[in-house]
Structures are given as C-alpha cells and as structure tokens.
>>> print(open('structure.cif').read())   # mmCIF, C-alpha atoms
data_coords
loop_
_atom_site.label_atom_id
_atom_site.label_comp_id
_atom_site.auth_asym_id
_atom_site.auth_seq_id
_atom_site.Cartn_x
_atom_site.Cartn_y
_atom_site.Cartn_z
CA MET A 618 0.00 0.00 0.00
CA HIS A 619 1.35 3.39 -0.97
CA LEU A 620 2.17 5.94 1.76
CA LYS A 621 -0.50 8.36 0.46
CA LYS A 622 -3.16 5.67 0.67
CA ILE A 623 -2.05 4.68 4.21
CA LEU A 624 -2.34 8.29 5.41
CA THR A 625 -5.81 8.57 3.83
CA VAL A 626 -6.96 5.43 5.67
CA LEU A 627 -5.54 6.65 9.02
CA LEU A 628 -7.21 10.05 8.60
CA ALA A 629 -10.53 8.35 7.90
CA MET A 630 -10.11 6.25 11.06
CA LEU A 631 -9.44 9.36 13.17
CA ILE A 632 -12.54 11.07 11.81
CA THR A 633 -14.66 7.98 12.44
CA VAL A 634 -13.37 7.25 15.95
CA GLY A 635 -12.92 10.86 17.05
CA VAL A 636 -9.69 12.39 18.27
CA ASP A 637 -11.05 12.95 21.78
CA SER A 638 -11.59 9.23 22.21
CA LEU A 639 -7.92 8.37 21.62
CA HIS A 640 -5.95 8.19 24.88
CA THR A 641 -2.36 7.29 25.66
CA SER A 642 -1.00 6.25 29.01
CA ALA A 643 2.32 5.22 30.49
CA GLN A 644 2.30 2.87 33.44
CA GLY A 645 5.24 2.13 35.71
CA PRO A 646 6.11 1.60 39.37
CA MET A 647 5.21 4.39 41.75
CA PRO A 648 7.93 5.96 43.97
CA SER A 649 6.41 4.20 46.98
CA GLU A 650 6.76 0.85 45.22
CA ILE A 651 10.35 1.54 44.20
CA ALA A 652 11.25 2.65 47.73
CA GLN A 653 9.63 -0.47 49.18
CA ASP A 654 11.57 -2.70 46.78
CA MET A 655 14.80 -0.94 47.71
CA LEU A 656 14.05 -1.46 51.40
CA SER A 657 13.31 -5.14 50.87
CA ILE A 658 16.69 -5.83 49.27
CA ASP A 659 18.72 -3.11 51.05
CA ALA A 660 19.65 -1.32 47.83
CA PHE A 661 21.00 1.81 49.53
CA ALA A 662 24.74 1.09 49.77
CA VAL A 663 27.15 3.83 48.68
CA PRO A 664 28.98 2.66 45.54
CA TYR A 665 32.73 2.29 45.76
CA ASN A 666 35.21 4.02 43.48
CA PHE A 667 38.40 2.23 42.40
CA PRO A 668 40.55 4.75 40.52
CA GLU A 669 43.89 3.80 39.00
CA THR A 670 45.54 6.88 40.50
CA ASN A 671 44.79 9.19 43.44
CA THR A 672 43.92 12.20 41.33
CA GLU A 673 41.57 14.98 42.37
CA ASP A 674 39.05 13.66 39.83
CA ALA A 675 39.00 10.43 41.81
CA VAL A 676 38.46 12.41 45.01
CA ILE A 677 35.54 14.28 43.46
CA LYS A 678 33.89 11.07 42.29
CA THR A 679 34.21 9.51 45.74
CA ALA A 680 32.91 12.69 47.38
CA LEU A 681 29.85 12.61 45.11
CA ASN A 682 29.30 8.95 45.92
CA VAL A 683 29.26 9.48 49.69
CA ARG A 684 27.41 12.80 49.64
CA SER A 685 23.91 11.30 49.75
CA SER A 686 24.85 9.43 52.95
CA THR A 687 25.90 12.65 54.71
CA VAL A 688 23.64 14.73 56.94
CA GLN A 689 23.98 17.84 59.05
CA ILE A 690 22.87 17.46 62.67
CA GLN A 691 21.41 20.33 64.65
CA VAL A 692 21.29 20.07 68.44
CA GLY A 693 19.94 23.25 69.95
CA LYS A 694 22.38 25.95 68.90
CA GLN A 695 25.17 23.48 68.12
CA TYR A 696 25.62 21.52 64.93
CA GLY A 697 27.74 18.78 63.45
CA THR A 698 27.78 16.11 60.77
CA GLY A 699 26.86 12.45 60.49
CA ASN A 700 26.51 9.60 58.02
CA ILE A 701 23.67 7.20 57.39
CA ILE A 702 24.67 3.66 58.35
CA SER A 703 21.38 1.84 57.80
CA ILE A 704 17.95 2.35 56.26
CA ASN A 705 15.00 0.08 56.94
CA SER A 706 11.23 0.40 56.96
CA GLU A 707 11.22 1.81 60.49
CA LYS A 708 14.17 4.16 60.80
CA ILE A 709 17.26 5.69 59.27
CA ARG A 710 20.28 5.29 61.60
CA ILE A 711 23.03 7.89 61.58
CA LEU A 712 26.53 7.64 63.04
CA THR A 713 28.10 10.77 64.48
CA ALA A 714 30.40 11.97 67.26
CA ALA A 715 29.22 11.82 70.87
CA HIS A 716 30.23 15.41 71.55
CA VAL A 717 27.90 16.58 68.76
CA VAL A 718 24.89 15.25 70.68
CA GLN A 719 26.08 15.88 74.23
CA LYS A 720 23.40 18.57 74.80
CA TRP A 721 20.53 16.48 73.45
CA ASP A 722 17.88 17.79 75.84
CA ASN A 723 15.20 19.73 74.00
CA SER A 724 13.74 17.31 71.45
CA GLU A 725 12.08 20.14 69.53
CA SER A 726 15.45 21.53 68.46
CA ASN A 727 17.13 18.26 67.52
CA TYR A 728 16.95 17.44 63.83
CA VAL A 729 18.93 16.44 60.77
CA ILE A 730 19.17 17.93 57.28
CA PHE A 731 19.65 15.43 54.47
CA PHE A 732 21.75 16.22 51.40
CA ASN A 733 18.66 17.34 49.44
CA GLY A 734 17.76 19.85 52.15
CA LYS A 735 14.95 17.77 53.66
CA VAL A 736 14.68 18.48 57.40
CA ALA A 737 13.47 15.80 59.83
CA ASP A 738 13.28 15.48 63.60
CA ALA A 739 15.71 13.01 65.11
CA ASN A 740 16.02 10.76 68.16
CA LEU A 741 19.13 9.92 70.17
CA ASP A 742 19.55 6.13 70.20
CA THR A 743 22.84 5.44 71.96
CA ILE A 744 26.17 6.99 72.98
CA ASP A 745 29.49 5.19 73.40
CA ASP A 746 30.72 5.54 76.99
CA TYR A 747 34.39 5.53 75.96
CA TYR A 748 34.86 6.51 72.32
CA ASP A 749 33.56 9.76 70.87
CA ALA A 750 30.73 8.11 68.95
CA ALA A 751 26.93 8.08 68.99
CA ILE A 752 23.97 6.93 66.92
CA ILE A 753 20.84 8.95 66.23
CA SER A 754 17.87 8.06 64.06
CA VAL A 755 15.05 9.49 61.96
CA GLU A 756 11.76 7.72 61.36
CA THR A 757 11.68 6.47 57.77
CA ALA A 758 8.07 7.60 57.46
CA ALA A 759 9.25 11.20 57.89
CA LEU A 760 10.55 11.12 54.31
CA GLU A 761 8.54 10.89 51.13
CA PRO A 762 9.33 7.78 49.03
CA TYR A 763 10.91 9.82 46.22
CA ASP A 764 13.32 11.39 48.76
CA LEU A 765 14.07 8.08 50.43
CA MET A 766 15.04 6.57 47.06
CA ASN A 767 17.92 9.04 46.70
CA LEU A 768 19.53 8.39 50.08
CA ARG A 769 22.51 6.09 50.52
CA ARG A 770 24.15 4.44 53.49
CA VAL A 771 27.84 3.86 54.10
CA THR A 772 29.03 0.27 54.30
CA LEU A 773 30.79 -0.53 57.57
CA ASP A 774 33.44 -2.96 56.34
CA TYR A 775 35.75 -3.64 59.28
CA SER A 776 38.13 -5.73 57.13
CA VAL A 777 39.15 -2.58 55.23
CA MET A 778 41.03 -1.28 58.24
CA SER A 779 43.81 -3.88 58.09
CA GLY A 780 44.77 -2.74 54.60
CA PHE A 781 44.23 0.91 55.45
CA ASP A 782 46.68 0.66 58.36
CA LYS A 783 49.40 -0.73 56.10
CA GLN A 784 48.87 1.42 53.01
CA LYS A 785 51.50 4.10 52.45
CA ASP A 786 50.62 7.55 51.08
CA GLU A 787 46.96 6.96 51.87
CA ARG A 788 44.62 9.87 51.06
CA VAL A 789 41.40 10.51 52.94
CA ILE A 790 38.31 12.60 52.26
CA ALA A 791 35.74 14.38 54.41
CA LEU A 792 32.68 16.44 53.47
CA GLU A 793 31.61 19.85 54.70
CA SER A 794 28.20 21.57 54.81
CA ASN A 795 27.08 25.16 55.02
CA HIS A 796 25.25 26.01 58.22
CA LEU A 797 21.96 27.87 58.41
CA VAL A 798 20.41 29.16 61.60
CA ASN A 799 16.74 28.15 61.92
CA ALA A 800 17.19 25.59 59.16
CA LYS A 801 13.65 24.27 59.57
CA GLU A 802 12.36 27.60 58.28
CA VAL A 803 15.03 28.67 55.78
CA GLN A 804 16.80 25.55 54.49
CA THR A 805 16.37 25.11 50.74
CA TYR A 806 15.18 21.81 49.28
CA ASN A 807 16.14 20.23 45.98
CA TYR A 808 15.39 16.70 44.85
CA TYR A 809 18.91 16.27 43.46
CA GLY A 810 20.61 18.22 46.24
CA ASN A 811 21.57 21.17 44.04
CA ASP A 812 22.55 24.29 45.99
CA THR A 813 21.30 22.97 49.33
CA GLY A 814 24.69 23.53 50.92
CA ILE A 815 24.63 20.09 52.59
CA ALA A 816 27.82 18.08 52.00
CA GLY A 817 28.47 20.26 48.99
CA LYS A 818 32.18 20.73 49.73
CA TYR A 819 35.01 18.29 50.24
CA ILE A 820 38.47 18.33 51.76
CA TYR A 821 41.18 15.73 51.32
CA GLY A 822 44.74 15.09 52.39
CA PRO A 823 47.29 12.51 53.50
CA VAL A 824 47.18 10.19 56.48
CA ILE A 825 49.96 11.06 58.92
CA ASN A 826 49.43 7.99 61.09
CA PRO A 827 46.42 5.63 60.87
CA ASP A 828 46.79 4.24 64.38
CA ILE A 829 48.41 6.59 66.89
CA LEU A 830 47.75 7.15 70.58
CA VAL A 831 46.28 10.63 71.12
CA VAL A 832 46.81 11.60 74.75
CA ASP A 833 43.95 14.12 74.83
CA TYR A 834 41.48 11.35 74.01
CA GLY A 835 43.23 8.42 75.69
CA TYR A 836 43.04 5.98 72.80
CA LYS A 837 44.51 5.31 69.36
CA MET A 838 43.07 7.30 66.48
CA ILE A 839 43.45 8.17 62.81
CA TYR A 840 45.72 11.19 62.48
CA THR A 841 45.43 13.08 59.18
CA LYS A 842 46.37 16.30 57.42
CA LEU A 843 42.89 17.64 56.74
CA ALA A 844 41.89 21.28 57.01
CA ALA A 845 38.62 20.55 58.81
CA HIS A 846 36.23 23.33 59.73
CA SER A 847 33.67 23.99 62.43
CA GLY A 848 30.62 21.77 62.05
CA MET A 849 32.43 18.84 60.43
CA SER A 850 32.69 16.89 63.69
CA GLY A 851 30.86 13.59 63.47
CA GLY A 852 31.27 13.25 59.73
CA GLY A 853 32.92 10.29 58.09
CA ILE A 854 36.57 9.97 57.12
CA PHE A 855 36.74 8.03 53.83
CA ASP A 856 39.59 6.50 51.89
CA ILE A 857 39.96 7.22 48.18
CA ASN A 858 37.64 4.31 47.33
CA GLY A 859 34.84 5.57 49.55
CA HIS A 860 35.36 3.10 52.39
CA TYR A 861 34.26 4.53 55.74
CA VAL A 862 37.30 4.34 58.04
CA GLY A 863 36.46 6.63 60.95
CA ILE A 864 34.59 9.54 62.53
CA LEU A 865 36.15 12.99 62.36
CA VAL A 866 36.10 14.31 65.92
CA GLY A 867 38.79 16.96 66.32
CA GLY A 868 41.09 19.35 64.50
CA SER A 869 43.85 21.88 65.01
CA ASP A 870 44.63 25.36 63.73
CA THR A 871 47.47 23.84 61.69
CA GLY A 872 45.17 21.72 59.53
CA GLU A 873 45.50 18.40 61.34
CA THR A 874 42.57 16.21 62.38
CA VAL A 875 41.94 13.10 64.41
CA GLY A 876 39.23 10.52 64.01
CA VAL A 877 37.75 7.59 65.91
CA ARG A 878 38.70 4.37 64.13
CA LEU A 879 35.86 2.29 62.69
CA THR A 880 37.10 -0.95 64.25
CA ASP A 881 37.08 0.58 67.73
CA ILE A 882 33.34 1.30 67.66
CA LYS A 883 32.31 -2.12 66.35
CA PRO A 884 30.71 -3.04 69.72
CA LEU A 885 28.60 0.12 69.64
CA LEU A 886 27.46 -0.55 66.09
CA SER A 887 26.73 -4.21 66.76
CA MET A 888 24.74 -3.40 69.90
CA SER A 889 22.65 -0.75 68.12
CA GLU A 890 21.49 -3.23 65.50
CA HIS A 891 19.48 -5.18 68.08
#
>>> encode(input="structure.cif", output="structure tokens")
Amino acid sequence: MHLKKILTVLLAMLITVGVDSLHTSAQGPMPSEIAQDMLSIDAFAVPYNFPETNTEDAVIKTALNVRSSTVQIQVGKQYGTGNIISINSEKIRILTAAHVVQKWDNSESNYVIFFNGKVADANLDTIDDYYDAAIISVETAALEPYDLMNLRRVTLDYSVMSGFDKQKDERVIALESNHLVNAKEVQTYNYYGNDTGIAGKYIYGPVINPDILVVDYGYKMIYTKLAAHSGMSGGGIFDINGHYVGILVGGSDTGETVGVRLTDIKPLLSMSEH
C-alpha cells in the first residue's frame, strides 16, 4: 500500500473514531513501590570508586558517591555532621560523634538535614561511653518515598582497616556543609541536592598515622592532614575508594585532624542493630 493511501486510511479512522476518544498512558512503578523494593533488598549502599591513581578527579567522584549518605545534625544551637549507616522500613540510623549530641535535651530543636535539604526530627539512640561516637535516628516515614530513594548508606566494612593501616601515602576525604540558623524555616530543598549547601564541599589530604595514641582522648586514632572546619565533627573519614574508616572528631589550627577508628566502635554498632 502506498504511503499516500495509508495516510488517507488513518485520517478516515481518526474522523470515524474521534480524536477525543484516543488516549495514551504510560504505566510504571510508583515511587512508593520503588522505595519499598529498595528497602526489601537493602539497595541503599554507597557505591565504591576504584581509581587507578589518586587524582583529584578520583576524590571528586568519591565525594559525590558518599554525599547522599551525609547529613547535618542540629542540636539546639550546636551543629555537626553524620553519616547514614542503615535504612529500613522503620528508621534511618546515623553515626556521628558523641560530643555533637552531648546537649541532646530539647527534642524540639534536635533534627537532621539530608543532602537534598529535607529536614526531619531526630532521636538519640545510643552513645558510646568511651569513644567519641553516637547513633541517632530518623523515622523512615518522615521522608517521602521519592526522597528516600535518593539516600545512601555507608558500608561498615571492618576488614578494610587492616589494609588501610598498612597502606603508604593513603589519602582521605571528608565532606563539609554550610550552616543555616533556623534551618527548619530557611533551608532550601532540591530533589537532586543542588545548591542545598549540605555536603556540597570536600576536603582531602594525606594520612599522617592511621593508628596513633592521642593523649587528649586516651586511645589510638586516625591522624590526618585535613583542614577541617567547624561543624564537620561527626562526619565520616573516607579513603579514596569511599570506604568509611572513621569519625572525624577533632582538628587543630594547623590543619591536622583526628578521628575515631571504625574498628574501635564495632561493639557500639553491633549493639545498636538489636
């Protein structure tokens, strides 16, 4: 059949049936269904990055990978950082430094800001009595399914530390957020996290000593050359691949930081899972 004849037949069909009676539809899974599927198979893990060289491009890729696991924590007038360590149908658990949550008294002023700017009230779950570490949580229902889908959790792989301790010229990464007073009222929101100011900056530098006794704390820590800033306490220290190796808890005016080693808080993390 010639093209002209085909078009004539189709036009006749449209006139007969009526354009208004022709409908098109696209059907697919709803965000709530996708989020539920992700919860059922725990599909929230931060992807790893395995660059051939430790270039800044590799650092940027790793920083982007871990960004959606990073939150800012507000406790009264104080603030810090944390990282999501688990997401299930009931709650989102966040690891941070104990000193960030030490004034956790007024529940109305305790909340977290996710990387997309979403603000949610938080609960204090547990504090380590020895190491500077704590776990807080947010009810999963506080987030819409389409926001939940974009979150990621860090993988707590304790076996990484043995290689990290032996690796020479190791580079580490930490993320930094802007801070807004009265964030519940003024914090911007963006589905993709654009211009929210949460975990939008990164710092990186060499490991000076991965396992050194720090007298001020009384235990061995990760000692790095990172120019950390106020508000970064409680955030993760990551290797170039994106492995979580410790909690940033202190810094100096000379650009040096210390962190609680992941392996040292294994009891805390194991206990909080039950």
>>> closest_residue(input="structure.cif", among="A:Gly859, A:Gly876, A:Pro827, A:Gly645", to="Met778 in chain A", atoms="only C-alpha atoms")
A:Pro827
>>> residues_near_point(input="structure.cif", point="(19.9, 12.4, 58.4)", cutoff="7 Å", atoms="only C-alpha atoms", output="list in words")
Val688, Gln689, Ile701, Ile711, Val729, Ile730, Phe731 and Val755 of chain A
>>> write_last_selection(input="structure.cif", atoms="C-alpha atoms", output="PDB file, in the coordinates of the input")
ATOM      1  CA  VAL A 688      23.640  14.730  56.940  1.00  0.00           C
ATOM      2  CA  GLN A 689      23.980  17.840  59.050  1.00  0.00           C
ATOM      3  CA  ILE A 701      23.670   7.200  57.390  1.00  0.00           C
ATOM      4  CA  ILE A 711      23.030   7.890  61.580  1.00  0.00           C
ATOM      5  CA  VAL A 729      18.930  16.440  60.770  1.00  0.00           C
ATOM      6  CA  ILE A 730      19.170  17.930  57.280  1.00  0.00           C
ATOM      7  CA  PHE A 731      19.650  15.430  54.470  1.00  0.00           C
ATOM      8  CA  VAL A 755      15.050   9.490  61.960  1.00  0.00           C
TER       9      VAL A 755
END
>>> residues_around(input="structure.cif", residues="Thr813 in chain A", least_positions_apart="4", cutoff="12 Å", atoms="only C-alpha atoms", output="PyMOL selection string")
chain A and resi 684-685+688-689+730-736+794-797+800+803-809+817-818
>>> resolve_selection(input="structure.cif", expression="the PyMOL selection byres ((chain A and resi 739-746) around 9)", output="JSON, numbers by chain")
{"A": [690, 710, 714, 715, 718, 719, 721, 724, 727, 728, 729, 737, 738, 747, 748, 749, 750, 751, 752, 753, 754, 755, 756, 882, 885, 889]}
>>> closest_residue(input="structure.cif", among="A:Gly810, A:Gly853, A:Gly697, A:Gly822", to="Leu768 in chain A", atoms="only C-alpha atoms")
A:Gly810
>>> build_atoms(input="structure.cif", residues="range 819-851 of chain A", atoms="N, CA and C atoms", output="short mmCIF file (atom, residue, chain, number, x, y, z; two decimals), keeping the file's coordinate frame")
data_model
loop_
_atom_site.label_atom_id
_atom_site.label_comp_id
_atom_site.auth_asym_id
_atom_site.auth_seq_id
_atom_site.Cartn_x
_atom_site.Cartn_y
_atom_site.Cartn_z
N TYR A 819 34.17 19.40 49.78
CA TYR A 819 35.01 18.29 50.24
C TYR A 819 36.41 18.80 50.57
N ILE A 820 37.06 18.10 51.47
CA ILE A 820 38.47 18.33 51.76
C ILE A 820 39.17 16.98 51.68
N TYR A 821 40.44 16.99 51.35
CA TYR A 821 41.18 15.73 51.32
C TYR A 821 42.65 16.00 51.61
N GLY A 822 43.33 14.96 52.05
CA GLY A 822 44.74 15.09 52.39
C GLY A 822 45.33 13.77 52.82
N PRO A 823 46.61 13.76 53.15
CA PRO A 823 47.29 12.51 53.50
C PRO A 823 47.05 12.06 54.93
N VAL A 824 47.21 10.77 55.13
CA VAL A 824 47.18 10.19 56.48
C VAL A 824 48.57 10.32 57.08
N ILE A 825 48.67 10.95 58.24
CA ILE A 825 49.96 11.06 58.92
C ILE A 825 50.26 9.77 59.66
N ASN A 826 49.28 9.28 60.39
CA ASN A 826 49.43 7.99 61.09
C ASN A 826 48.02 7.42 61.27
N PRO A 827 47.77 6.20 60.79
CA PRO A 827 46.42 5.63 60.87
C PRO A 827 46.07 5.02 62.22
N ASP A 828 47.04 4.93 63.12
CA ASP A 828 46.79 4.24 64.38
C ASP A 828 47.76 4.75 65.45
N ILE A 829 47.49 5.95 65.94
CA ILE A 829 48.41 6.59 66.89
C ILE A 829 47.67 6.96 68.16
N LEU A 830 48.34 6.79 69.29
CA LEU A 830 47.75 7.15 70.58
C LEU A 830 47.69 8.67 70.70
N VAL A 831 46.48 9.19 70.92
CA VAL A 831 46.28 10.63 71.12
C VAL A 831 45.98 10.85 72.60
N VAL A 832 46.89 11.47 73.30
CA VAL A 832 46.81 11.60 74.75
C VAL A 832 45.53 12.32 75.18
N ASP A 833 45.13 13.35 74.44
CA ASP A 833 43.95 14.12 74.83
C ASP A 833 42.68 13.27 74.86
N TYR A 834 42.65 12.22 74.05
CA TYR A 834 41.48 11.35 74.01
C TYR A 834 41.68 10.07 74.81
N GLY A 835 42.93 9.62 74.91
CA GLY A 835 43.23 8.42 75.69
C GLY A 835 43.15 7.12 74.92
N TYR A 836 43.06 7.20 73.61
CA TYR A 836 43.04 5.98 72.80
C TYR A 836 43.65 6.26 71.43
N LYS A 837 43.89 5.18 70.68
CA LYS A 837 44.51 5.31 69.36
C LYS A 837 43.48 5.81 68.35
N MET A 838 43.97 6.65 67.43
CA MET A 838 43.07 7.30 66.48
C MET A 838 43.72 7.40 65.10
N ILE A 839 42.93 7.82 64.13
CA ILE A 839 43.45 8.17 62.81
C ILE A 839 43.91 9.62 62.86
N TYR A 840 45.14 9.85 62.43
CA TYR A 840 45.72 11.19 62.48
C TYR A 840 46.00 11.63 61.04
N THR A 841 45.36 12.70 60.59
CA THR A 841 45.43 13.08 59.18
C THR A 841 45.77 14.56 59.01
N LYS A 842 46.15 14.90 57.80
CA LYS A 842 46.37 16.30 57.42
C LYS A 842 45.17 16.76 56.63
N LEU A 843 44.12 17.17 57.35
CA LEU A 843 42.89 17.64 56.74
C LEU A 843 42.54 18.99 57.36
N ALA A 844 42.25 19.95 56.53
CA ALA A 844 41.89 21.28 57.01
C ALA A 844 40.40 21.31 57.34
N ALA A 845 40.03 20.64 58.43
CA ALA A 845 38.62 20.55 58.81
C ALA A 845 38.13 21.87 59.38
N HIS A 846 36.83 22.09 59.27
CA HIS A 846 36.23 23.33 59.73
C HIS A 846 35.15 23.06 60.77
N SER A 847 34.73 24.11 61.43
CA SER A 847 33.67 23.99 62.43
C SER A 847 32.42 23.37 61.81
N GLY A 848 31.83 22.43 62.53
CA GLY A 848 30.62 21.77 62.05
C GLY A 848 30.86 20.45 61.35
N MET A 849 32.13 20.10 61.11
CA MET A 849 32.43 18.84 60.43
C MET A 849 32.55 17.68 61.41
N SER A 850 32.60 17.96 62.70
CA SER A 850 32.69 16.89 63.69
C SER A 850 31.54 15.91 63.52
N GLY A 851 31.87 14.63 63.60
CA GLY A 851 30.86 13.59 63.47
C GLY A 851 30.74 13.03 62.08
#
